[in-house]
>>> print(open('entry_36.cif').read())   # mmCIF, N, CA and C atoms
data_coords
#
loop_
_atom_site.label_atom_id
_atom_site.label_comp_id
_atom_site.auth_asym_id
_atom_site.auth_seq_id
_atom_site.Cartn_x
_atom_site.Cartn_y
_atom_site.Cartn_z
N MET S 420 8.75 29.01 -9.73
CA MET S 420 9.55 27.95 -9.16
C MET S 420 10.25 27.21 -10.30
N LYS S 421 11.50 26.95 -10.12
CA LYS S 421 12.30 26.24 -11.12
C LYS S 421 12.12 24.73 -10.97
N LYS S 422 12.46 24.00 -12.04
CA LYS S 422 12.29 22.55 -12.06
C LYS S 422 12.97 21.88 -10.87
N ALA S 423 14.19 22.25 -10.58
CA ALA S 423 14.93 21.64 -9.46
C ALA S 423 14.22 21.89 -8.13
N GLU S 424 13.65 23.09 -7.97
CA GLU S 424 12.93 23.40 -6.74
C GLU S 424 11.65 22.56 -6.63
N ILE S 425 10.96 22.38 -7.74
CA ILE S 425 9.74 21.58 -7.76
C ILE S 425 10.06 20.14 -7.39
N ILE S 426 11.12 19.60 -7.99
CA ILE S 426 11.53 18.22 -7.70
C ILE S 426 11.89 18.07 -6.22
N ALA S 427 12.65 19.02 -5.69
CA ALA S 427 13.04 18.95 -4.28
C ALA S 427 11.81 19.02 -3.37
N LYS S 428 10.87 19.88 -3.69
CA LYS S 428 9.66 20.03 -2.88
C LYS S 428 8.81 18.76 -2.96
N LEU S 429 8.67 18.18 -4.15
CA LEU S 429 7.92 16.94 -4.29
C LEU S 429 8.56 15.82 -3.48
N ARG S 430 9.88 15.71 -3.54
CA ARG S 430 10.58 14.68 -2.77
C ARG S 430 10.38 14.88 -1.27
N SER S 431 10.50 16.11 -0.82
CA SER S 431 10.33 16.42 0.60
C SER S 431 8.91 16.09 1.06
N ASN S 432 7.92 16.51 0.29
CA ASN S 432 6.53 16.23 0.65
C ASN S 432 6.24 14.73 0.62
N HIS S 433 6.79 14.05 -0.37
CA HIS S 433 6.60 12.60 -0.49
C HIS S 433 7.19 11.91 0.75
N HIS S 434 8.39 12.30 1.13
CA HIS S 434 9.03 11.70 2.31
C HIS S 434 8.21 11.98 3.57
N SER S 435 7.75 13.20 3.74
CA SER S 435 6.94 13.56 4.92
C SER S 435 5.66 12.74 4.97
N PHE S 436 5.02 12.58 3.81
CA PHE S 436 3.78 11.81 3.74
C PHE S 436 4.03 10.35 4.11
N ILE S 437 5.09 9.76 3.59
CA ILE S 437 5.42 8.36 3.90
C ILE S 437 5.66 8.20 5.39
N GLU S 438 6.44 9.11 5.97
CA GLU S 438 6.73 9.02 7.40
C GLU S 438 5.46 9.16 8.23
N PHE S 439 4.57 10.05 7.82
CA PHE S 439 3.30 10.21 8.54
C PHE S 439 2.49 8.93 8.47
N MET S 440 2.36 8.36 7.28
CA MET S 440 1.57 7.13 7.11
C MET S 440 2.17 5.96 7.88
N LYS S 441 3.49 5.86 7.89
CA LYS S 441 4.14 4.78 8.62
C LYS S 441 3.88 4.88 10.11
N GLY S 442 3.61 6.08 10.60
CA GLY S 442 3.37 6.28 12.03
C GLY S 442 1.95 5.97 12.47
N LEU S 443 1.05 5.68 11.53
CA LEU S 443 -0.33 5.39 11.88
C LEU S 443 -0.51 3.90 12.19
N ASP S 444 -1.31 3.62 13.21
CA ASP S 444 -1.68 2.22 13.42
C ASP S 444 -2.90 1.92 12.54
N LYS S 445 -3.37 0.66 12.51
CA LYS S 445 -4.45 0.27 11.62
C LYS S 445 -5.73 1.07 11.87
N LEU S 446 -6.07 1.30 13.13
CA LEU S 446 -7.29 2.07 13.43
C LEU S 446 -7.19 3.50 12.90
N GLU S 447 -6.04 4.13 13.09
CA GLU S 447 -5.84 5.49 12.59
C GLU S 447 -5.84 5.51 11.06
N PHE S 448 -5.23 4.49 10.45
CA PHE S 448 -5.13 4.42 9.00
C PHE S 448 -6.51 4.31 8.34
N ASP S 449 -7.42 3.60 9.00
CA ASP S 449 -8.75 3.38 8.44
C ASP S 449 -9.81 4.32 9.01
N TYR S 450 -9.45 5.17 9.96
CA TYR S 450 -10.42 6.04 10.62
C TYR S 450 -11.03 7.03 9.62
N ARG S 451 -12.34 7.17 9.70
CA ARG S 451 -13.06 8.05 8.79
C ARG S 451 -14.12 8.82 9.60
N ILE S 452 -14.23 10.11 9.34
CA ILE S 452 -15.28 10.93 9.95
C ILE S 452 -16.34 11.16 8.88
N THR S 453 -17.53 10.69 9.13
CA THR S 453 -18.66 10.80 8.19
C THR S 453 -18.23 10.50 6.76
N ASP S 454 -18.33 11.47 5.86
CA ASP S 454 -18.01 11.22 4.45
C ASP S 454 -16.60 11.67 4.08
N LYS S 455 -15.76 11.97 5.05
CA LYS S 455 -14.38 12.39 4.78
C LYS S 455 -13.51 11.18 4.50
N TRP S 456 -12.47 11.37 3.73
CA TRP S 456 -11.57 10.28 3.38
C TRP S 456 -10.70 9.88 4.56
N SER S 457 -10.46 8.59 4.66
CA SER S 457 -9.51 8.07 5.65
C SER S 457 -8.09 8.23 5.08
N ALA S 458 -7.11 7.96 5.91
CA ALA S 458 -5.72 7.98 5.43
C ALA S 458 -5.55 6.94 4.32
N ARG S 459 -6.21 5.80 4.46
CA ARG S 459 -6.15 4.76 3.42
C ARG S 459 -6.71 5.29 2.10
N ASP S 460 -7.84 6.00 2.17
CA ASP S 460 -8.44 6.58 0.96
C ASP S 460 -7.50 7.59 0.31
N GLN S 461 -6.86 8.42 1.14
CA GLN S 461 -5.91 9.41 0.61
C GLN S 461 -4.77 8.71 -0.10
N LEU S 462 -4.24 7.65 0.52
CA LEU S 462 -3.14 6.90 -0.07
C LEU S 462 -3.58 6.25 -1.39
N ASP S 463 -4.77 5.65 -1.40
CA ASP S 463 -5.28 5.03 -2.63
C ASP S 463 -5.42 6.05 -3.75
N HIS S 464 -5.92 7.24 -3.41
CA HIS S 464 -6.11 8.29 -4.40
C HIS S 464 -4.77 8.76 -4.97
N LEU S 465 -3.80 8.98 -4.10
CA LEU S 465 -2.48 9.41 -4.56
C LEU S 465 -1.81 8.32 -5.40
N THR S 466 -1.95 7.07 -4.99
CA THR S 466 -1.37 5.96 -5.75
C THR S 466 -1.97 5.88 -7.14
N MET S 467 -3.29 6.02 -7.22
CA MET S 467 -3.96 5.98 -8.52
C MET S 467 -3.44 7.10 -9.43
N GLY S 468 -3.31 8.29 -8.90
CA GLY S 468 -2.82 9.41 -9.68
C GLY S 468 -1.38 9.24 -10.12
N LEU S 469 -0.54 8.74 -9.22
CA LEU S 469 0.86 8.54 -9.56
C LEU S 469 1.05 7.45 -10.60
N LYS S 470 0.25 6.39 -10.51
CA LYS S 470 0.34 5.33 -11.52
C LYS S 470 0.00 5.88 -12.90
N SER S 471 -0.99 6.74 -12.96
CA SER S 471 -1.36 7.35 -14.24
C SER S 471 -0.22 8.20 -14.78
N LEU S 472 0.40 8.98 -13.91
CA LEU S 472 1.51 9.82 -14.35
C LEU S 472 2.70 9.00 -14.84
N VAL S 473 2.99 7.91 -14.14
CA VAL S 473 4.11 7.05 -14.54
C VAL S 473 3.84 6.51 -15.94
N ARG S 474 2.61 6.05 -16.20
CA ARG S 474 2.28 5.53 -17.54
C ARG S 474 2.48 6.61 -18.60
N ILE S 475 2.07 7.82 -18.28
CA ILE S 475 2.21 8.91 -19.25
C ILE S 475 3.68 9.25 -19.47
N TYR S 476 4.46 9.34 -18.39
CA TYR S 476 5.88 9.68 -18.53
C TYR S 476 6.67 8.61 -19.27
N GLU S 477 6.17 7.39 -19.30
CA GLU S 477 6.84 6.32 -20.03
C GLU S 477 6.54 6.37 -21.53
N MET S 478 5.54 7.16 -21.92
CA MET S 478 5.15 7.25 -23.33
C MET S 478 6.10 8.17 -24.09
N PRO S 479 6.33 7.88 -25.37
CA PRO S 479 7.09 8.83 -26.19
C PRO S 479 6.31 10.15 -26.31
N VAL S 480 7.03 11.25 -26.46
CA VAL S 480 6.39 12.57 -26.53
C VAL S 480 5.35 12.62 -27.64
N LEU S 481 5.65 12.04 -28.78
CA LEU S 481 4.71 12.05 -29.90
C LEU S 481 3.40 11.33 -29.52
N ALA S 482 3.51 10.23 -28.81
CA ALA S 482 2.32 9.49 -28.37
C ALA S 482 1.50 10.31 -27.38
N ILE S 483 2.17 11.05 -26.51
CA ILE S 483 1.46 11.92 -25.56
C ILE S 483 0.70 13.00 -26.32
N ASP S 484 1.36 13.62 -27.31
CA ASP S 484 0.71 14.64 -28.12
C ASP S 484 -0.52 14.07 -28.84
N GLN S 485 -0.39 12.86 -29.37
CA GLN S 485 -1.51 12.25 -30.09
C GLN S 485 -2.64 11.87 -29.15
N ALA S 486 -2.31 11.40 -27.97
CA ALA S 486 -3.33 10.96 -27.02
C ALA S 486 -4.06 12.12 -26.36
N PHE S 487 -3.33 13.18 -26.03
CA PHE S 487 -3.91 14.26 -25.24
C PHE S 487 -3.97 15.59 -25.97
N GLY S 488 -3.25 15.72 -27.06
CA GLY S 488 -3.21 16.99 -27.78
C GLY S 488 -2.32 18.00 -27.08
N LYS S 489 -2.20 19.13 -27.70
CA LYS S 489 -1.39 20.21 -27.13
C LYS S 489 -2.33 21.24 -26.52
N THR S 490 -1.86 21.89 -25.50
CA THR S 490 -2.68 22.89 -24.83
C THR S 490 -2.96 24.06 -25.76
N THR S 491 -4.15 24.62 -25.59
CA THR S 491 -4.53 25.77 -26.41
C THR S 491 -4.55 27.06 -25.59
N HIS S 492 -4.16 26.96 -24.33
CA HIS S 492 -4.13 28.16 -23.48
C HIS S 492 -2.76 28.29 -22.85
N PRO S 493 -2.42 29.50 -22.43
CA PRO S 493 -1.10 29.71 -21.82
C PRO S 493 -1.00 28.98 -20.48
N ASN S 494 0.23 28.72 -20.07
CA ASN S 494 0.46 28.11 -18.76
C ASN S 494 -0.15 28.98 -17.67
N ARG S 495 -0.61 28.30 -16.60
CA ARG S 495 -1.15 29.03 -15.46
C ARG S 495 -0.25 28.81 -14.26
N ASP S 496 -0.21 29.79 -13.38
CA ASP S 496 0.61 29.63 -12.19
C ASP S 496 -0.17 28.81 -11.15
N TYR S 497 0.51 28.46 -10.08
CA TYR S 497 -0.07 27.62 -9.03
C TYR S 497 -1.37 28.20 -8.48
N ASN S 498 -1.36 29.50 -8.17
CA ASN S 498 -2.55 30.11 -7.58
C ASN S 498 -3.75 30.05 -8.52
N SER S 499 -3.53 30.21 -9.81
CA SER S 499 -4.62 30.11 -10.78
C SER S 499 -5.16 28.69 -10.85
N LEU S 500 -4.26 27.70 -10.87
CA LEU S 500 -4.68 26.30 -10.89
C LEU S 500 -5.46 25.95 -9.62
N LYS S 501 -4.96 26.42 -8.48
CA LYS S 501 -5.63 26.14 -7.21
C LYS S 501 -7.02 26.76 -7.20
N ALA S 502 -7.15 27.98 -7.66
CA ALA S 502 -8.45 28.65 -7.69
C ALA S 502 -9.43 27.89 -8.59
N ALA S 503 -8.97 27.43 -9.74
CA ALA S 503 -9.82 26.67 -10.66
C ALA S 503 -10.24 25.35 -10.02
N TYR S 504 -9.32 24.69 -9.34
CA TYR S 504 -9.62 23.42 -8.67
C TYR S 504 -10.66 23.63 -7.57
N LEU S 505 -10.46 24.64 -6.74
CA LEU S 505 -11.41 24.92 -5.67
C LEU S 505 -12.79 25.28 -6.22
N GLN S 506 -12.83 25.99 -7.33
CA GLN S 506 -14.10 26.31 -7.97
C GLN S 506 -14.81 25.04 -8.42
N GLU S 507 -14.07 24.11 -9.00
CA GLU S 507 -14.66 22.82 -9.41
C GLU S 507 -15.26 22.10 -8.21
N LEU S 508 -14.56 22.12 -7.08
CA LEU S 508 -15.08 21.47 -5.87
C LEU S 508 -16.36 22.16 -5.39
N ARG S 509 -16.39 23.49 -5.43
CA ARG S 509 -17.58 24.23 -5.01
C ARG S 509 -18.79 23.89 -5.89
N GLU S 510 -18.50 23.55 -7.14
CA GLU S 510 -19.57 23.22 -8.08
C GLU S 510 -19.95 21.75 -8.03
N GLY S 511 -19.41 21.04 -7.03
CA GLY S 511 -19.80 19.64 -6.82
C GLY S 511 -18.84 18.60 -7.34
N GLY S 512 -17.71 19.02 -7.86
CA GLY S 512 -16.72 18.06 -8.36
C GLY S 512 -16.21 17.17 -7.24
N LYS S 513 -15.98 15.91 -7.57
CA LYS S 513 -15.44 14.95 -6.59
C LYS S 513 -14.35 14.15 -7.25
N ALA S 514 -13.31 13.90 -6.50
CA ALA S 514 -12.21 13.06 -7.00
C ALA S 514 -12.56 11.60 -6.73
N PRO S 515 -12.22 10.70 -7.68
CA PRO S 515 -12.47 9.29 -7.43
C PRO S 515 -11.47 8.75 -6.43
N ILE S 516 -11.87 7.72 -5.72
CA ILE S 516 -10.94 7.06 -4.79
C ILE S 516 -10.34 5.88 -5.50
#
>>> encode(input="entry_36.cif", output="structure tokens")
Amino acid sequence: MKKAEIIAKLRSNHHSFIEFMKGLDKLEFDYRITDKWSARDQLDHLTMGLKSLVRIYEMPVLAIDQAFGKTTHPNRDYNSLKAAYLQELREGGKAPI
């Protein structure tokens, strides 16, 4: 996938998510089944992640390199990243809210 396609897909998904959330009433927004995340939890998690990315994107490239280093492995495609993520979840990994 090319950069322009990724940007377009992110914008489309972001818009769809916003429209979905705007359509929920308070009970639906806070509804939770057992230990599953509510829509509010999902929104909080995405907001937390996006705030972190914004802070990183505002940093100069040199500062990013110093803070996080450079990767030592080749780029992975989406399916490889997804498989690694799902494996982490199977091993008990949990995302913070």
>>> atom_distance(input="entry_36.cif", atom1="atom N of Arg474 of chain S", atom2="atom N of Asp460 of chain S")
21.1 Å
>>> atom_distance(input="entry_36.cif", atom1="atom N of Gly511 of chain S", atom2="atom C of Met467 of chain S")
21.3 Å
>>> atom_distance(input="entry_36.cif", atom1="atom CA of Pro515 of chain S", atom2="atom C of Leu481 of chain S")
27.3 Å
>>> resolve_selection(input="entry_36.cif", expression="the PyMOL selection byres (((chain S and resi 426-439 and name CA) around 12) and name CA)", output="list in words")
Met420, Lys421, Lys422, Ala423, Glu424, Ile425, Met440, Lys441, Gly442, Leu443, Asp444, Glu447, Phe448, Ala458, Gln461, Leu462, Leu465, Thr466 and Leu469 of chain S
>>> select_by_dssp(input="entry_36.cif", residues="chain S", states="alpha helix (DSSP H)", output="ChimeraX atom specification")
/S:422-441,445-449,458-476,480-487,497-509
